[in-house]
file upload11.pdb (PDB, C-alpha atoms (C1' of nucleotides))
MODEL        1
ATOM      1  CA  MET E  20     119.224  62.194  94.596
ATOM      2  CA  ARG E  21     118.023  59.704  91.983
ATOM      3  CA  ARG E  22     116.326  56.752  93.591
ATOM      4  CA  LYS E  23     117.647  53.190  93.467
ATOM      5  CA  PRO E  24     114.724  51.419  91.762
ATOM      6  CA  GLY E  25     112.332  50.133  94.393
ATOM      7  CA  GLY E  26     114.261  51.891  97.151
ATOM      8  CA  LEU E  27     113.546  54.967  99.226
ATOM      9  CA  VAL E  28     115.491  58.184  99.625
ATOM     10  CA  PRO E  29     116.464  59.311 103.154
ATOM     11  CA  LEU E  30     113.637  61.798 103.553
ATOM     12  CA  GLU E  31     111.100  59.168 102.547
ATOM     13  CA  ILE E  32     112.598  56.720 105.038
ATOM     14  CA  ALA E  33     112.396  59.397 107.728
ATOM     15  CA  ILE E  34     108.726  60.046 106.942
ATOM     16  CA  CYS E  35     107.830  56.363 106.983
ATOM     17  CA  THR E  36     109.799  55.864 110.195
ATOM     18  CA  CYS E  37     107.945  58.723 111.791
ATOM     19  CA  ALA E  38     104.650  57.230 110.606
ATOM     20  CA  ALA E  39     105.605  53.807 111.942
ATOM     21  CA  ASN E  40     106.559  55.285 115.307
ATOM     22  CA  LEU E  41     103.235  57.069 115.540
ATOM     23  CA  LEU E  42     101.489  53.840 114.580
ATOM     24  CA  VAL E  43     102.996  51.804 117.399
ATOM     25  CA  ARG E  44     102.010  54.589 119.757
ATOM     26  CA  GLY E  45      98.417  54.186 118.548
ATOM     27  CA  THR E  46      98.216  57.091 116.089
ATOM     28  CA  ARG E  47      97.382  55.786 112.661
ATOM     29  CA  GLU E  48      96.851  59.072 110.858
ATOM     30  CA  PHE E  49      99.082  62.135 110.639
ATOM     31  CA  HIS E  50      99.378  65.273 108.516
ATOM     32  CA  GLY E  51     102.255  66.873 106.660
ATOM     33  CA  TYR E  52     102.773  69.889 108.871
ATOM     34  CA  GLU E  53     102.991  67.653 111.926
ATOM     35  CA  ILE E  54     105.627  65.411 110.356
ATOM     36  CA  ALA E  55     107.547  68.481 109.228
ATOM     37  CA  LYS E  56     107.743  69.739 112.782
ATOM     38  CA  ARG E  57     108.754  66.344 114.145
ATOM     39  CA  LEU E  58     111.503  66.047 111.550
ATOM     40  CA  SER E  59     112.784  69.548 112.230
ATOM     41  CA  ASP E  60     112.783  68.745 115.960
ATOM     42  CA  VAL E  61     115.183  65.829 115.529
ATOM     43  CA  ALA E  62     117.680  68.221 113.982
ATOM     44  CA  ASP E  63     120.707  65.915 114.307
ATOM     45  CA  HIS E  64     120.394  64.963 110.659
ATOM     46  CA  LYS E  65     118.851  67.963 108.962
ATOM     47  CA  LEU E  66     116.422  66.062 106.782
ATOM     48  CA  LEU E  67     114.102  68.901 106.086
ATOM     49  CA  THR E  68     114.447  72.598 105.510
ATOM     50  CA  ALA E  69     111.505  73.567 103.334
ATOM     51  CA  TYR E  70     107.921  72.374 103.632
ATOM     52  CA  GLY E  71     107.636  72.057  99.860
ATOM     53  CA  THR E  72     110.217  69.276  99.900
ATOM     54  CA  LEU E  73     108.232  67.345 102.463
ATOM     55  CA  TYR E  74     104.898  67.651 100.699
ATOM     56  CA  ARG E  75     106.444  66.442  97.491
ATOM     57  CA  ALA E  76     107.923  63.462  99.303
ATOM     58  CA  LEU E  77     104.490  62.727 100.765
ATOM     59  CA  GLY E  78     103.027  62.903  97.282
ATOM     60  CA  ARG E  79     105.642  60.472  95.964
ATOM     61  CA  LEU E  80     105.030  58.041  98.809
ATOM     62  CA  GLU E  81     101.321  58.157  98.116
ATOM     63  CA  SER E  82     101.748  57.589  94.383
ATOM     64  CA  MET E  83     104.043  54.652  95.243
ATOM     65  CA  GLY E  84     101.239  53.225  97.366
ATOM     66  CA  LEU E  85     103.238  53.413 100.605
ATOM     67  CA  LEU E  86     100.959  56.048 102.073
ATOM     68  CA  GLU E  87      97.300  56.746 101.574
ATOM     69  CA  SER E  88      95.481  59.981 102.344
ATOM     70  CA  ARG E  89      92.091  61.554 102.914
ATOM     71  CA  TRP E  90      90.907  65.030 103.808
ATOM     72  CA  GLU E  91      89.749  65.365 107.371
ATOM     73  CA  ASP E  92      86.098  66.051 108.160
ATOM     74  CA  PRO E  93      85.702  69.760 107.222
ATOM     75  CA  GLU E  94      83.751  70.490 110.378
ATOM     76  CA  VAL E  95      86.873  70.000 112.489
ATOM     77  CA  PRO E  96      89.008  72.757 110.913
ATOM     78  CA  ALA E  97      85.941  75.020 110.742
ATOM     79  CA  ARG E  98      85.384  74.539 114.470
ATOM     80  CA  GLU E  99      89.049  74.997 115.301
ATOM     81  CA  ASN E 100      89.632  77.943 112.961
ATOM     82  CA  ARG E 101      92.509  76.483 111.050
ATOM     83  CA  PRO E 102      93.188  75.160 107.527
ATOM     84  CA  GLY E 103      92.019  71.673 106.725
ATOM     85  CA  ARG E 104      94.527  68.858 106.975
ATOM     86  CA  ARG E 105      95.261  66.049 104.591
ATOM     87  CA  LEU E 106      95.533  62.959 106.774
ATOM     88  CA  TYR E 107      98.031  60.315 105.728
ATOM     89  CA  SER E 108      98.440  56.753 106.951
ATOM     90  CA  LEU E 109     101.093  54.122 106.342
ATOM     91  CA  THR E 110      99.916  51.199 104.208
ATOM     92  CA  ALA E 111     101.043  47.586 104.559
ATOM     93  CA  ALA E 112     103.182  48.122 101.465
ATOM     94  CA  GLY E 113     104.654  51.156 103.196
ATOM     95  CA  GLU E 114     105.591  49.151 106.261
ATOM     96  CA  SER E 115     107.382  46.459 104.283
ATOM     97  CA  ALA E 116     109.098  49.046 102.050
ATOM     98  CA  LEU E 117     110.340  50.711 105.198
ATOM     99  CA  ASP E 118     111.757  47.387 106.460
ATOM    100  CA  GLU E 119     113.536  46.821 103.160
ATOM    101  CA  ALA E 120     114.892  50.353 103.051
ATOM    102  CA  ARG E 121     116.198  50.102 106.580
ATOM    103  CA  LYS E 122     117.995  46.865 105.807
ATOM    104  CA  ALA E 123     119.531  48.412 102.696
ATOM    105  CA  GLU E 124     120.505  51.527 104.623
ATOM    106  CA  ALA E 125     122.123  49.473 107.387
ATOM    107  CA  ALA E 126     124.088  47.469 104.814
ATOM    108  CA  THR E 127     125.257  50.683 103.151
ATOM    109  CA  SER E 128     126.362  52.282 106.402
ATOM    110  CA  ARG E 129     128.245  49.114 107.403
ATOM    111  CA  ARG E 130     130.092  49.283 104.126
ATOM    112  CA  ARG E 131     130.780  52.970 104.709
ATOM    113  CA  VAL E 132     132.110  52.291 108.191
ATOM    114  CA  ARG E 133     134.429  49.598 106.893
ATOM    115  CA  ARG E 134     135.796  52.026 104.303
ATOM    116  CA  ARG E 135     136.316  54.838 106.772
ATOM    117  CA  LYS E 136     139.961  55.621 107.571
ATOM    118  CA  PRO E 137     140.943  55.456 111.283
ATOM    119  CA  ALA E 138     141.298  58.812 113.002
ATOM    120  CA  THR E 139     144.904  59.995 113.041
ATOM    121  CA  ALA E 140     145.066  60.440 116.822
TER
ATOM    122  CA  MET S  28      90.953 104.471 114.570
ATOM    123  CA  ARG S  29      88.132 104.375 117.137
ATOM    124  CA  ARG S  30      84.786 104.035 115.464
ATOM    125  CA  LYS S  31      82.016 106.652 115.618
ATOM    126  CA  PRO S  32      79.180 104.577 117.137
ATOM    127  CA  GLY S  33      77.149 103.003 114.361
ATOM    128  CA  GLY S  34      79.602 104.172 111.720
ATOM    129  CA  LEU S  35      82.180 102.343 109.674
ATOM    130  CA  VAL S  36      85.920 102.856 109.373
ATOM    131  CA  PRO S  37      87.423 103.395 105.890
ATOM    132  CA  LEU S  38      88.616  99.817 105.451
ATOM    133  CA  GLU S  39      85.174  98.514 106.338
ATOM    134  CA  ILE S  40      83.577 100.888 103.850
ATOM    135  CA  ALA S  41      86.019  99.699 101.196
ATOM    136  CA  ILE S  42      85.149  96.065 101.884
ATOM    137  CA  CYS S  43      81.406  96.695 101.761
ATOM    138  CA  THR S  44      81.800  98.767  98.589
ATOM    139  CA  CYS S  45      83.750  95.960  96.984
ATOM    140  CA  ALA S  46      81.044  93.502  98.051
ATOM    141  CA  ALA S  47      78.295  95.771  96.689
ATOM    142  CA  ASN S  48      80.126  96.117  93.372
ATOM    143  CA  LEU S  49      80.454  92.370  93.077
ATOM    144  CA  LEU S  50      76.769  92.034  93.949
ATOM    145  CA  VAL S  51      75.539  94.269  91.123
ATOM    146  CA  ARG S  52      77.801  92.299  88.814
ATOM    147  CA  GLY S  53      75.989  89.142  89.883
ATOM    148  CA  THR S  54      78.509  87.756  92.378
ATOM    149  CA  ARG S  55      76.903  87.431  95.766
ATOM    150  CA  GLU S  56      79.682  85.612  97.615
ATOM    151  CA  PHE S  57      83.356  86.429  97.935
ATOM    152  CA  HIS S  58      86.296  85.426 100.123
ATOM    153  CA  GLY S  59      88.848  87.388 102.079
ATOM    154  CA  TYR S  60      91.893  86.708  99.958
ATOM    155  CA  GLU S  61      90.013  87.846  96.864
ATOM    156  CA  ILE S  62      88.962  91.130  98.470
ATOM    157  CA  ALA S  63      92.495  91.651  99.722
ATOM    158  CA  LYS S  64      93.838  91.406  96.186
ATOM    159  CA  ARG S  65      91.148  93.706  94.798
ATOM    160  CA  LEU S  66      91.896  96.302  97.464
ATOM    161  CA  SER S  67      95.626  96.123  96.874
ATOM    162  CA  ASP S  68      94.989  96.513  93.151
ATOM    163  CA  VAL S  69      93.229  99.860  93.588
ATOM    164  CA  ALA S  70      96.326 101.186  95.311
ATOM    165  CA  ASP S  71      95.437 104.885  94.991
ATOM    166  CA  HIS S  72      94.306 104.905  98.605
ATOM    167  CA  LYS S  73      96.424 102.311 100.347
ATOM    168  CA  LEU S  74      93.667 100.777 102.426
ATOM    169  CA  LEU S  75      95.339  97.509 103.083
ATOM    170  CA  THR S  76      98.847  96.372 103.746
ATOM    171  CA  ALA S  77      98.552  93.217 105.814
ATOM    172  CA  TYR S  78      96.077  90.365 105.414
ATOM    173  CA  GLY S  79      95.566  90.169 109.152
ATOM    174  CA  THR S  80      94.037  93.624 109.136
ATOM    175  CA  LEU S  81      91.543  92.610 106.480
ATOM    176  CA  TYR S  82      90.453  89.404 108.153
ATOM    177  CA  ARG S  83      89.863  91.227 111.382
ATOM    178  CA  ALA S  84      87.766  93.806 109.569
ATOM    179  CA  LEU S  85      85.771  90.984 107.984
ATOM    180  CA  GLY S  86      85.249  89.509 111.422
ATOM    181  CA  ARG S  87      84.021  92.839 112.783
ATOM    182  CA  LEU S  88      81.632  93.295 109.879
ATOM    183  CA  GLU S  89      80.236  89.842 110.459
ATOM    184  CA  SER S  90      79.788  90.383 114.188
ATOM    185  CA  MET S  91      78.013  93.661 113.352
ATOM    186  CA  GLY S  92      75.662  91.697 111.110
ATOM    187  CA  LEU S  93      76.718  93.515 107.948
ATOM    188  CA  LEU S  94      78.275  90.412 106.455
ATOM    189  CA  GLU S  95      77.444  86.767 106.864
ATOM    190  CA  SER S  96      79.715  83.832 106.097
ATOM    191  CA  ARG S  97      79.822  80.104 105.477
ATOM    192  CA  TRP S  98      82.582  77.661 104.606
ATOM    193  CA  GLU S  99      82.530  76.516 101.016
ATOM    194  CA  ASP S 100      81.737  72.909 100.143
ATOM    195  CA  PRO S 101      84.962  71.078 101.164
ATOM    196  CA  GLU S 102      84.964  69.037  97.976
ATOM    197  CA  VAL S 103      85.801  72.120  95.937
ATOM    198  CA  PRO S 104      89.138  72.978  97.629
ATOM    199  CA  ALA S 105      90.004  69.267  97.770
ATOM    200  CA  ARG S 106      89.457  68.978  94.020
ATOM    201  CA  GLU S 107      91.359  72.184  93.281
ATOM    202  CA  ASN S 108      94.216  71.495  95.709
ATOM    203  CA  ARG S 109      93.948  74.703  97.671
ATOM    204  CA  PRO S 110      92.883  75.780 101.179
ATOM    205  CA  GLY S 111      89.180  76.081 101.867
ATOM    206  CA  ARG S 112      87.599  79.514 101.614
ATOM    207  CA  ARG S 113      85.246  81.267 103.948
ATOM    208  CA  LEU S 114      82.585  82.772 101.720
ATOM    209  CA  TYR S 115      81.125  86.103 102.792
ATOM    210  CA  SER S 116      78.056  87.910 101.512
ATOM    211  CA  LEU S 117      76.673  91.381 102.161
ATOM    212  CA  THR S 118      73.478  91.417 104.213
ATOM    213  CA  ALA S 119      70.602  93.888 103.826
ATOM    214  CA  ALA S 120      71.852  95.579 106.994
ATOM    215  CA  GLY S 121      75.251  95.767 105.359
ATOM    216  CA  GLU S 122      73.878  97.486 102.292
ATOM    217  CA  SER S 123      72.067 100.162 104.267
ATOM    218  CA  ALA S 124      75.026 100.660 106.610
ATOM    219  CA  LEU S 125      77.154 101.210 103.524
ATOM    220  CA  ASP S 126      74.704 103.844 102.261
ATOM    221  CA  GLU S 127      74.784 105.631 105.605
ATOM    222  CA  ALA S 128      78.560 105.483 105.831
ATOM    223  CA  ARG S 129      78.933 106.859 102.319
ATOM    224  CA  LYS S 130      76.623 109.774 103.101
ATOM    225  CA  ALA S 131      78.548 110.514 106.283
ATOM    226  CA  GLU S 132      81.852 110.244 104.438
ATOM    227  CA  ALA S 133      80.666 112.608 101.699
ATOM    228  CA  ALA S 134      79.507 115.134 104.303
ATOM    229  CA  THR S 135      82.866 114.939 106.057
ATOM    230  CA  SER S 136      84.837 115.425 102.863
ATOM    231  CA  ARG S 137      82.629 118.440 101.911
ATOM    232  CA  ARG S 138      83.391 119.959 105.282
ATOM    233  CA  ARG S 139      87.076 119.226 104.758
ATOM    234  CA  VAL S 140      87.063 120.869 101.342
ATOM    235  CA  ARG S 141      85.367 123.962 102.702
ATOM    236  CA  ARG S 142      88.030 124.214 105.397
ATOM    237  CA  ARG S 143      90.948 123.796 103.004
ATOM    238  CA  LYS S 144      92.976 126.944 102.410
ATOM    239  CA  PRO S 145      93.308 128.092  98.762
ATOM    240  CA  ALA S 146      96.609 127.204  97.129
ATOM    241  CA  THR S 147      99.065 130.108  97.309
ATOM    242  CA  ALA S 148      99.673 130.180  93.543
TER
ATOM    243  C1'  DT F  18     136.317  54.788  86.032
ATOM    244  C1'  DG F  19     134.270  58.645  84.043
ATOM    245  C1'  DA F  20     130.422  60.970  81.540
ATOM    246  C1'  DC F  21     125.547  61.374  81.283
ATOM    247  C1'  DA F  22     121.021  61.793  82.659
ATOM    248  C1'  DA F  23     117.236  61.197  85.876
ATOM    249  C1'  DT F  24     115.288  62.990  89.771
ATOM    250  C1'  DG F  25     115.274  64.503  94.568
ATOM    251  C1'  DA F  26     116.517  68.776  97.378
ATOM    252  C1'  DG F  27     116.326  73.506  98.182
ATOM    253  C1'  DC F  28     114.441  78.005  97.528
ATOM    254  C1'  DA F  29     110.895  81.050  96.510
ATOM    255  C1'  DT F  30     106.329  81.934  96.389
ATOM    256  C1'  DA F  31     101.187  81.230  96.055
ATOM    257  C1'  DT F  32      96.786  80.045  98.291
ATOM    258  C1'  DA F  33      93.791  81.009 102.299
ATOM    259  C1'  DT F  34      92.925  82.146 107.059
ATOM    260  C1'  DC F  35      93.747  83.611 111.828
ATOM    261  C1'  DT F  36      95.959  85.546 116.304
ATOM    262  C1'  DG F  37      99.061  88.281 119.455
ATOM    263  C1'  DC F  38     101.420  92.418 120.285
ATOM    264  C1'  DT F  39     102.261  97.298 119.880
ATOM    265  C1'  DC F  40     101.403 101.846 118.116
ATOM    266  C1'  DA F  41      98.765 105.576 116.370
ATOM    267  C1'  DT F  42      94.618 107.999 115.939
ATOM    268  C1'  DA F  43      90.194 109.510 116.521
ATOM    269  C1'  DA F  44      86.115 110.103 119.552
ATOM    270  C1'  DT F  45      84.756 111.644 123.825
ATOM    271  C1'  DC F  46      84.589 114.072 128.030
ATOM    272  C1'  DA F  47      86.114 117.428 131.356
TER
ATOM    273  C1'  DT W  26      90.677 122.941 123.633
ATOM    274  C1'  DG W  27      93.355 119.530 125.647
ATOM    275  C1'  DA W  28      93.905 115.001 128.062
ATOM    276  C1'  DT W  29      92.162 110.449 128.198
ATOM    277  C1'  DT W  30      91.094 106.109 126.241
ATOM    278  C1'  DA W  31      88.984 102.912 123.194
ATOM    279  C1'  DT W  32      89.992 100.558 119.237
ATOM    280  C1'  DG W  33      91.547 100.058 114.501
ATOM    281  C1'  DA W  34      96.050  99.531 111.825
ATOM    282  C1'  DG W  35     100.358  97.542 111.121
ATOM    283  C1'  DC W  36     103.720  94.019 111.793
ATOM    284  C1'  DA W  37     105.139  89.476 112.740
ATOM    285  C1'  DG W  38     104.246  84.897 112.613
ATOM    286  C1'  DA W  39     101.417  80.459 112.935
ATOM    287  C1'  DT W  40      98.564  76.985 110.523
ATOM    288  C1'  DA W  41      98.323  73.919 106.464
ATOM    289  C1'  DT W  42      99.184  72.687 101.682
ATOM    290  C1'  DA W  43     100.969  73.087  97.002
ATOM    291  C1'  DT W  44     103.747  74.313  92.606
ATOM    292  C1'  DG W  45     107.648  76.129  89.575
ATOM    293  C1'  DC W  46     112.418  76.592  88.889
ATOM    294  C1'  DT W  47     117.223  75.467  89.435
ATOM    295  C1'  DC W  48     121.035  72.892  91.290
ATOM    296  C1'  DA W  49     123.308  68.945  93.029
ATOM    297  C1'  DT W  50     123.701  64.256  93.676
ATOM    298  C1'  DT W  51     123.476  59.666  92.481
ATOM    299  C1'  DG W  52     122.714  55.523  89.694
ATOM    300  C1'  DT W  53     123.652  53.686  85.335
ATOM    301  C1'  DC W  54     125.867  52.671  81.250
ATOM    302  C1'  DA W  55     129.682  52.789  78.064
TER
ENDMDL
END

call {"tool": "encode", "arguments": {"input": "upload11.pdb", "output": "structure tokens"}}
result
Amino acid sequence: MRRKPGGLVPLEIAICTCAANLLVRGTREFHGYEIAKRLSDVADHKLLTAYGTLYRALGRLESMGLLESRWEDPEVPARENRPGRRLYSLTAAGESALDEARKAEAATSRRRVRRRKPATA
Amino acid sequence: MRRKPGGLVPLEIAICTCAANLLVRGTREFHGYEIAKRLSDVADHKLLTAYGTLYRALGRLESMGLLESRWEDPEVPARENRPGRRLYSLTAAGESALDEARKAEAATSRRRVRRRKPATA
DNA sequence: TGACAATGAGCATATATCTGCTCATAATCA
DNA sequence: TGATTATGAGCAGATATATGCTCATTGTCA
């Protein structure tokens, strides 16, 4: 895909959007597996097929400073008999990057629409 | 398989044997995935095909008091980027149960040998 | 505008553990 | 000894995360 410097690729935008949506609903932290399922639920634009792709995107977003992460309290997974989760949260930088990316994306799609040929009805 | 009361089934014997071997080599604790790989390595008697089977056997052994377990320090898996491990160790009861089971197994196989018909060479 | 190169996407697989369902087998009892 | 039945074994899949390899796309530069 090769990133436009400072920009975000579609999957990264989708992740940040998901994070922002959770945030306004009062959930600050989320984990990769959860996001993966949410993204695969909204299957209209198949943004995600393999988990590996998602976790790498999460890693990139964290190294860019748009997400931050911590491991959940180990007593929780022990009590619930499941693997531990890495909990991510959107940073302030992440929120503004998302705004920028959305604006850029909207501009691009407008241009695309203008270029599109009319349907030969 | 239906267990003879107080006895152990072959897979359980294999697990305890593996644990006892590790113990004499100075390793007191082990985890399920490790045992699974060791058992699948010694493939002469295919004791294990699916992981689920092993983890259930580990659970039985623990509920019988022959093994005890704890979750490893969560900082270790976090540092090594892998899932946390449940660390098992053989109890004293486990060691003596293993002895008993081995004796019983040996007796059974002697009886089986005695019953075997000579090869029609 | 076309070639090149950087890098994200997809696929496979590893690391660990656990549960539900069904089938086979062995222990037990009549 | 034969029928019953308890329970272990096998199979499938869920829960979470991570890495290596290859291919395709996209931005950039000439």

call {"tool": "atom_distance", "arguments": {"input": "upload11.pdb", "atom1": "CA of Ser82 in chain E", "atom2": "CA of Arg106 in chain S"}}
result
16.8 Å

call {"tool": "closest_residue", "arguments": {"input": "upload11.pdb", "among": "E:Asp60, E:Pro93, E:Pro102, E:Gly51", "to": "chain F", "atoms": "all atoms listed in the file"}}
result
E:Pro102

call {"tool": "interface_residues", "arguments": {"input": "upload11.pdb", "of": "chain W", "to": "chain S", "cutoff": "12 Å", "atoms": "all atoms listed in the file", "output": "PyMOL selection string"}}
result
chain W and resi 30-44

call {"tool": "resolve_selection", "arguments": {"input": "upload11.pdb", "expression": "the PyMOL selection byres ((chain F and resi 33) around 7)", "output": "PDB file with C-alpha atoms (C1' of nucleotides), in the frame of the given file"}}
result
ATOM      1  CA  TYR S  60      91.893  86.708  99.958  1.00  0.00           C
ATOM      2  CA  PRO S 110      92.883  75.780 101.179  1.00  0.00           C
ATOM      3  CA  GLY S 111      89.180  76.081 101.867  1.00  0.00           C
ATOM      4  CA  ARG S 112      87.599  79.514 101.614  1.00  0.00           C
TER       5      ARG S 112
ATOM      6  C1'  DT F  32      96.786  80.045  98.291  1.00  0.00           C
ATOM      7  C1'  DT F  34      92.925  82.146 107.059  1.00  0.00           C
TER       8       DT F  34
END

call {"tool": "atom_distance", "arguments": {"input": "upload11.pdb", "atom1": "CA of Ser123 in chain S", "atom2": "C1' of DT42 in chain F"}}
result
26.6 Å

call {"tool": "resolve_selection", "arguments": {"input": "upload11.pdb", "expression": "the PyMOL selection byres ((chain S and resi 128) around 10)", "output": "CSV table (one decimal) with C-alpha atoms, keeping the file's coordinate frame"}}
result
chain,number,residue,atom,x,y,z
S,33,GLY,CA,77.1,103.0,114.4
S,34,GLY,CA,79.6,104.2,111.7
S,35,LEU,CA,82.2,102.3,109.7
S,36,VAL,CA,85.9,102.9,109.4
S,37,PRO,CA,87.4,103.4,105.9
S,39,GLU,CA,85.2,98.5,106.3
S,40,ILE,CA,83.6,100.9,103.8
S,122,GLU,CA,73.9,97.5,102.3
S,123,SER,CA,72.1,100.2,104.3
S,124,ALA,CA,75.0,100.7,106.6
S,125,LEU,CA,77.2,101.2,103.5
S,126,ASP,CA,74.7,103.8,102.3
S,127,GLU,CA,74.8,105.6,105.6
S,129,ARG,CA,78.9,106.9,102.3
S,130,LYS,CA,76.6,109.8,103.1
S,131,ALA,CA,78.5,110.5,106.3
S,132,GLU,CA,81.9,110.2,104.4
S,133,ALA,CA,80.7,112.6,101.7
S,134,ALA,CA,79.5,115.1,104.3
